Amino acid sequence: MRSFDLLLVLVFLVSVDGLVHGHRPSLRINFYKKTCPNAKRIVHNIVWKHVAKNNALPAKFIRMHFHDCFVRGCDGSVLLNSTANSTAEKDSIPNLSLSGFDVIDEVKTAIEKACPGIVSCSDIVALAARDSVAYQFKKPLWSVPTGRRDGTVSLASEVSTNIPSPFSNFATLVQNFANKGLDVKDLVVLSGAHTIGIGHCNLFSNRLYNFTGKGDADPSLNAKYASFLKTKCTSQSDTTTTVPMDPTSSIYFDTHYYRILTKNKGLFQSDAALLTDKHSRNLVVKMLDSNTFFKYFGIAMKKMGKIGVLTGNAGEIRKKCSVVGS
């Protein structure tokens with residue numbers, strides 16, 4: 001066999017091996033530099049326009065990105081609408097309170113006008129999460145490698161088994177995160193996103209009423225804080241009332257979440273759970289430093305943003321984020 005022919009065979013075998021073992025092109029910074037050079041600017045401008053009018057959006061976009069990545073990977077499946085034959089993730093109980101889809105759609109419309117069929121909805125969600133938080137600082141806290149492609153399957157039945165529950169204990173949370181390739185540091189750091197946003201009463205009111213079956217509150221919850229929460233959530237059946245997850249700093253992305261957590265004022269059982277393990281508790285204390293938290297939050301978000309991504313020829317590039325094959 002001639003050397004040139006042998007080279008072609010070797011190239012072919014390497015390519016096949018890559019496909020068999022799932023070695024697809026990886027995400028990279030400025031993935032759209034040549035194919036859609038204004039993509040990042042379009043996302044940035046539209047997201048900042050909306051955050052300027054609605055300071056609740058950063059929490060919503062971080063949560064949207066998190067919920068997308070933890071079910072089937074970061075593939076934009078959380079954006080898909082249900083069909084006559086299938087209930088999508090968006091309509092599962094944990095996701096009914098997600099919002100911000102209208103902004104994602106506005107971004108997608110603008111990008112499709114600039115460069116049709118190039119930029120994925122999953123990348124838009126990842127960029128929106130980053131850019132919405134960046135508005136407060138007027139600069140990004142982390143970089144976002146792009147090149148994700150959009151998934152074609154979205155099943156409500158897969159959500160509850162993949163999204164960590166606010167009622168979870170530490171061991172369950174660690175397993176939830178390990179299943180996605182994330183570790184205890186990622187768990188503690190990403191929980192810091194609870195420094196912004198709100199929580200619905202029914203997701204923590206069990207901690208206020210009859211927690212141990214004796215008509216008492218959760219002993220791991222600060223007693224004064226529990227009394228305050230009872231004035232907001234008057235029953236366990238209240239599914240509409242919301243309270244800030246970070247009582248005095250719910251619109252500012254900062255380290256205050258960790259400060260209140262050390263005072264046993266974490267809203268959810270999953271927050272309080274971070275104090276039940278020595279290693280986790282030490283990490284909570286370390287995250288009290290702003291520079292440390294911002295650094296590791298960026299690292300954890302980049303790590304999360306790579307969960308189960310579709311790249312290369314996998315998946316598709318949706319033209320409309322809520323519809324497969326659009």
# chains A, B, ... in the order shown; residues from 1 in each chain; ligands from 1
>>> select_by_dssp(residues="stretch 178-247 of chain A", states="strand (DSSP E or B)", output="ChimeraX atom specification")
/A:198-200,242-244
>>> closest_atom_pairs(of="stretch 155-269 of chain A", to="stretch 72-94 of chain A", cutoff="9 Å", atoms="only C-alpha atoms", output="Markdown table")
| residue | atom | partner | partner_atom | distance |
| --- | --- | --- | --- | --- |
| A:Leu155 | CA | A:Ala88 | CA | 4.6 |
| A:Ala156 | CA | A:Glu89 | CA | 4.0 |
| A:Ser157 | CA | A:Ser92 | CA | 7.4 |
| A:Glu158 | CA | A:Glu89 | CA | 7.5 |
| A:Val159 | CA | A:Glu89 | CA | 6.3 |
| A:Ser160 | CA | A:Pro94 | CA | 7.0 |
| A:Asn162 | CA | A:Arg72 | CA | 8.8 |
| A:Ile163 | CA | A:Pro94 | CA | 7.9 |
| A:Ser165 | CA | A:Pro94 | CA | 8.7 |
| A:Lys180 | CA | A:Gly73 | CA | 8.5 |
>>> write_last_selection(atoms="N, CA, C and O atoms", output="mmCIF file, in the first residue's frame")
data_model
loop_
_atom_site.group_PDB
_atom_site.id
_atom_site.type_symbol
_atom_site.label_atom_id
_atom_site.label_comp_id
_atom_site.auth_asym_id
_atom_site.auth_seq_id
_atom_site.Cartn_x
_atom_site.Cartn_y
_atom_site.Cartn_z
ATOM 1 N N LEU A 155 -38.875 16.187 27.347
ATOM 2 C CA LEU A 155 -39.878 15.381 28.041
ATOM 3 C C LEU A 155 -40.058 15.838 29.486
ATOM 4 O O LEU A 155 -39.106 15.840 30.270
ATOM 5 N N ALA A 156 -41.274 16.207 29.828
ATOM 6 C CA ALA A 156 -41.573 16.653 31.190
ATOM 7 C C ALA A 156 -41.240 15.562 32.203
ATOM 8 O O ALA A 156 -40.825 15.845 33.335
ATOM 9 N N SER A 157 -41.373 14.317 31.795
ATOM 10 C CA SER A 157 -41.153 13.186 32.698
ATOM 11 C C SER A 157 -39.694 13.074 33.155
ATOM 12 O O SER A 157 -39.408 12.383 34.135
ATOM 13 N N GLU A 158 -38.782 13.741 32.470
ATOM 14 C CA GLU A 158 -37.367 13.644 32.824
ATOM 15 C C GLU A 158 -36.907 14.746 33.775
ATOM 16 O O GLU A 158 -35.773 14.706 34.266
ATOM 17 N N VAL A 159 -37.778 15.696 34.047
ATOM 18 C CA VAL A 159 -37.351 16.870 34.817
ATOM 19 C C VAL A 159 -37.157 16.574 36.301
ATOM 20 O O VAL A 159 -36.084 16.839 36.873
ATOM 21 N N SER A 160 -38.159 16.031 36.957
ATOM 22 C CA SER A 160 -38.096 15.834 38.409
ATOM 23 C C SER A 160 -36.967 14.904 38.835
ATOM 24 O O SER A 160 -36.439 15.037 39.948
ATOM 25 N N ASN A 162 -34.061 14.784 37.434
ATOM 26 C CA ASN A 162 -32.769 15.392 37.128
ATOM 27 C C ASN A 162 -32.517 16.733 37.811
ATOM 28 O O ASN A 162 -31.375 17.053 38.146
ATOM 29 N N ILE A 163 -33.567 17.518 38.000
ATOM 30 C CA ILE A 163 -33.410 18.825 38.650
ATOM 31 C C ILE A 163 -33.323 18.631 40.165
ATOM 32 O O ILE A 163 -34.215 18.027 40.763
ATOM 33 N N SER A 165 -33.891 18.951 43.973
ATOM 34 C CA SER A 165 -35.075 19.437 44.681
ATOM 35 C C SER A 165 -34.695 20.368 45.828
ATOM 36 O O SER A 165 -33.680 20.150 46.504
ATOM 37 N N LYS A 180 -23.976 14.776 36.951
ATOM 38 C CA LYS A 180 -23.729 15.708 35.838
ATOM 39 C C LYS A 180 -22.255 16.076 35.710
ATOM 40 O O LYS A 180 -21.899 17.010 34.974
#
>>> residues_around(residues="A:Val324", least_positions_apart="5", cutoff="9 Å", atoms="only C-alpha atoms", output="PyMOL selection string")
chain A and resi 80-81+150-153+316+318-319
>>> residues_around(residues="A:Ala178", least_positions_apart="4", cutoff="12 Å", atoms="only C-alpha atoms", output="VMD selection string")
chain A and resid 70 162 164 171 to 174 182 to 187 304 307
>>> residues_around(residues="A:Ala39", least_positions_apart="5", cutoff="8 Å", atoms="only C-alpha atoms", output="number ranges by chain")
A: 32, 111, 119
>>> write_last_selection(atoms="N, CA, C and O atoms", output="JSON list (two decimals), in the first residue's frame")
[["chain", "number", "residue", "atom", "x", "y", "z"],
["A", 32, "TYR", "N", -18.67, 31.72, 16.70],
["A", 32, "TYR", "CA", -19.39, 32.34, 15.58],
["A", 32, "TYR", "C", -18.65, 33.53, 14.96],
["A", 32, "TYR", "O", -19.24, 34.33, 14.24],
["A", 111, "ILE", "N", -31.15, 37.53, 15.76],
["A", 111, "ILE", "CA", -29.99, 36.80, 15.25],
["A", 111, "ILE", "C", -30.33, 36.11, 13.93],
["A", 111, "ILE", "O", -29.51, 36.08, 13.01],
["A", 119, "VAL", "N", -26.86, 30.30, 14.69],
["A", 119, "VAL", "CA", -26.68, 30.34, 16.14],
["A", 119, "VAL", "C", -27.76, 29.53, 16.85],
["A", 119, "VAL", "O", -28.95, 29.72, 16.61]]
>>> closest_residue(among="A:Arg149, A:Ile260, A:Ile62, A:Leu98", to="A:Gly308", atoms="only C-alpha atoms")
A:Arg149
>>> closest_residue(among="A:Leu267, A:Ala52, A:Leu190, A:Ala110", to="A:Phe66", atoms="only C-alpha atoms")
A:Leu190
>>> closest_residue(among="A:Ala129, A:Lys232, A:Asn54, A:Leu275", to="A:Lys263", atoms="only C-alpha atoms")
A:Leu275
>>> select_by_dssp(residues="stretch 182-234 of chain A", states="alpha helix (DSSP H)", output="list of chain:residue names")
A:Val184, A:Lys185, A:Asp186, A:Leu187, A:Val188, A:Val189, A:Leu190, A:Ser191, A:Ala223, A:Lys224, A:Tyr225, A:Ala226, A:Ser227, A:Phe228, A:Leu229, A:Lys230, A:Thr231, A:Lys232
>>> write_last_selection(atoms="N, CA and C atoms", output="compact mmCIF listing (two decimals), in the first residue's frame")
# COMPACT_ATOMS: atom_id res chain seq x y z
N VAL A 184 -18.62 18.86 44.81
CA VAL A 184 -19.16 19.57 45.97
C VAL A 184 -18.90 21.07 45.87
N LYS A 185 -17.72 21.44 45.38
CA LYS A 185 -17.43 22.87 45.22
C LYS A 185 -18.42 23.50 44.24
N ASP A 186 -18.70 22.80 43.14
CA ASP A 186 -19.68 23.31 42.17
C ASP A 186 -21.05 23.47 42.82
N LEU A 187 -21.43 22.51 43.64
CA LEU A 187 -22.71 22.56 44.35
C LEU A 187 -22.78 23.80 45.23
N VAL A 188 -21.76 24.04 46.03
CA VAL A 188 -21.76 25.18 46.95
C VAL A 188 -21.73 26.49 46.18
N VAL A 189 -20.90 26.55 45.14
CA VAL A 189 -20.74 27.79 44.38
C VAL A 189 -21.99 28.12 43.57
N LEU A 190 -22.56 27.13 42.90
CA LEU A 190 -23.76 27.39 42.09
C LEU A 190 -24.97 27.69 42.96
N SER A 191 -24.98 27.17 44.18
CA SER A 191 -26.06 27.51 45.12
C SER A 191 -26.03 29.00 45.45
N ALA A 223 -34.79 30.93 64.18
CA ALA A 223 -36.14 31.05 64.75
C ALA A 223 -36.81 32.38 64.38
N LYS A 224 -36.05 33.47 64.45
CA LYS A 224 -36.63 34.78 64.11
C LYS A 224 -37.00 34.85 62.63
N TYR A 225 -36.14 34.26 61.82
CA TYR A 225 -36.40 34.25 60.38
C TYR A 225 -37.63 33.39 60.07
N ALA A 226 -37.75 32.28 60.79
CA ALA A 226 -38.92 31.40 60.61
C ALA A 226 -40.20 32.15 60.96
N SER A 227 -40.16 32.92 62.03
CA SER A 227 -41.34 33.70 62.45
C SER A 227 -41.69 34.73 61.39
N PHE A 228 -40.68 35.36 60.82
CA PHE A 228 -40.91 36.33 59.74
C PHE A 228 -41.55 35.65 58.53
N LEU A 229 -41.00 34.50 58.15
CA LEU A 229 -41.52 33.79 56.98
C LEU A 229 -42.98 33.36 57.17
N LYS A 230 -43.35 33.06 58.41
CA LYS A 230 -44.73 32.67 58.69
C LYS A 230 -45.71 33.82 58.42
N THR A 231 -45.23 35.04 58.54
CA THR A 231 -46.10 36.19 58.26
C THR A 231 -46.32 36.34 56.75
N LYS A 232 -45.44 35.75 55.96
CA LYS A 232 -45.57 35.82 54.50
C LYS A 232 -46.28 34.58 53.95
>>> atom_distance(atom1="atom CA of A:Asp238", atom2="atom CA of A:Asn176")
27.3 Å
>>> atom_distance(atom1="atom CA of A:His65", atom2="atom CA of A:His279")
26.6 Å
>>> atom_distance(atom1="atom CA of A:Ser97", atom2="atom CA of A:Ser154")
17.1 Å
>>> residues_around(residues="stretch 167-170 of chain A", least_positions_apart="3", cutoff="7 Å", atoms="only C-alpha atoms", output="compact mmCIF listing (two decimals) with all heavy atoms, in the first residue's frame")
# COMPACT_ATOMS: atom_id res chain seq x y z
N LEU A 173 -28.09 15.89 47.10
CA LEU A 173 -27.58 16.98 46.27
C LEU A 173 -26.24 16.61 45.65
O LEU A 173 -26.00 16.84 44.46
CB LEU A 173 -27.43 18.26 47.10
CG LEU A 173 -28.73 18.93 47.54
CD1 LEU A 173 -28.43 20.02 48.58
CD2 LEU A 173 -29.47 19.53 46.35
N VAL A 174 -25.36 16.04 46.46
CA VAL A 174 -24.04 15.64 45.97
C VAL A 174 -24.19 14.64 44.83
O VAL A 174 -23.50 14.74 43.81
CB VAL A 174 -23.18 15.04 47.11
CG1 VAL A 174 -21.92 14.41 46.55
CG2 VAL A 174 -22.82 16.13 48.12
N PHE A 268 -34.27 27.35 51.65
CA PHE A 268 -34.67 25.97 51.36
C PHE A 268 -33.89 24.96 52.20
O PHE A 268 -32.80 25.25 52.68
CB PHE A 268 -34.43 25.66 49.87
CG PHE A 268 -35.12 26.60 48.92
CD1 PHE A 268 -34.39 27.33 48.00
CD2 PHE A 268 -36.50 26.74 48.95
CE1 PHE A 268 -35.02 28.20 47.11
CE2 PHE A 268 -37.15 27.60 48.07
CZ PHE A 268 -36.41 28.33 47.15
N GLN A 269 -34.44 23.76 52.30
CA GLN A 269 -33.71 22.68 52.97
C GLN A 269 -32.40 22.42 52.24
O GLN A 269 -31.39 22.08 52.87
CB GLN A 269 -34.56 21.41 52.99
CG GLN A 269 -35.66 21.40 54.04
CD GLN A 269 -36.52 20.16 53.94
OE1 GLN A 269 -37.65 20.21 53.44
NE2 GLN A 269 -36.02 19.04 54.41
N SER A 270 -32.42 22.57 50.93
CA SER A 270 -31.20 22.34 50.14
C SER A 270 -30.13 23.38 50.44
O SER A 270 -28.93 23.12 50.28
CB SER A 270 -31.53 22.33 48.64
OG SER A 270 -32.14 23.55 48.25
N ALA A 273 -28.75 22.39 53.88
CA ALA A 273 -27.99 21.15 53.76
C ALA A 273 -26.50 21.40 53.55
O ALA A 273 -25.66 20.57 53.93
CB ALA A 273 -28.53 20.33 52.58
N LEU A 274 -26.15 22.55 53.00
CA LEU A 274 -24.74 22.87 52.74
C LEU A 274 -23.95 23.03 54.04
O LEU A 274 -22.72 22.98 54.02
CB LEU A 274 -24.63 24.15 51.90
CG LEU A 274 -25.32 24.14 50.54
CD1 LEU A 274 -25.05 25.45 49.81
CD2 LEU A 274 -24.87 22.95 49.70
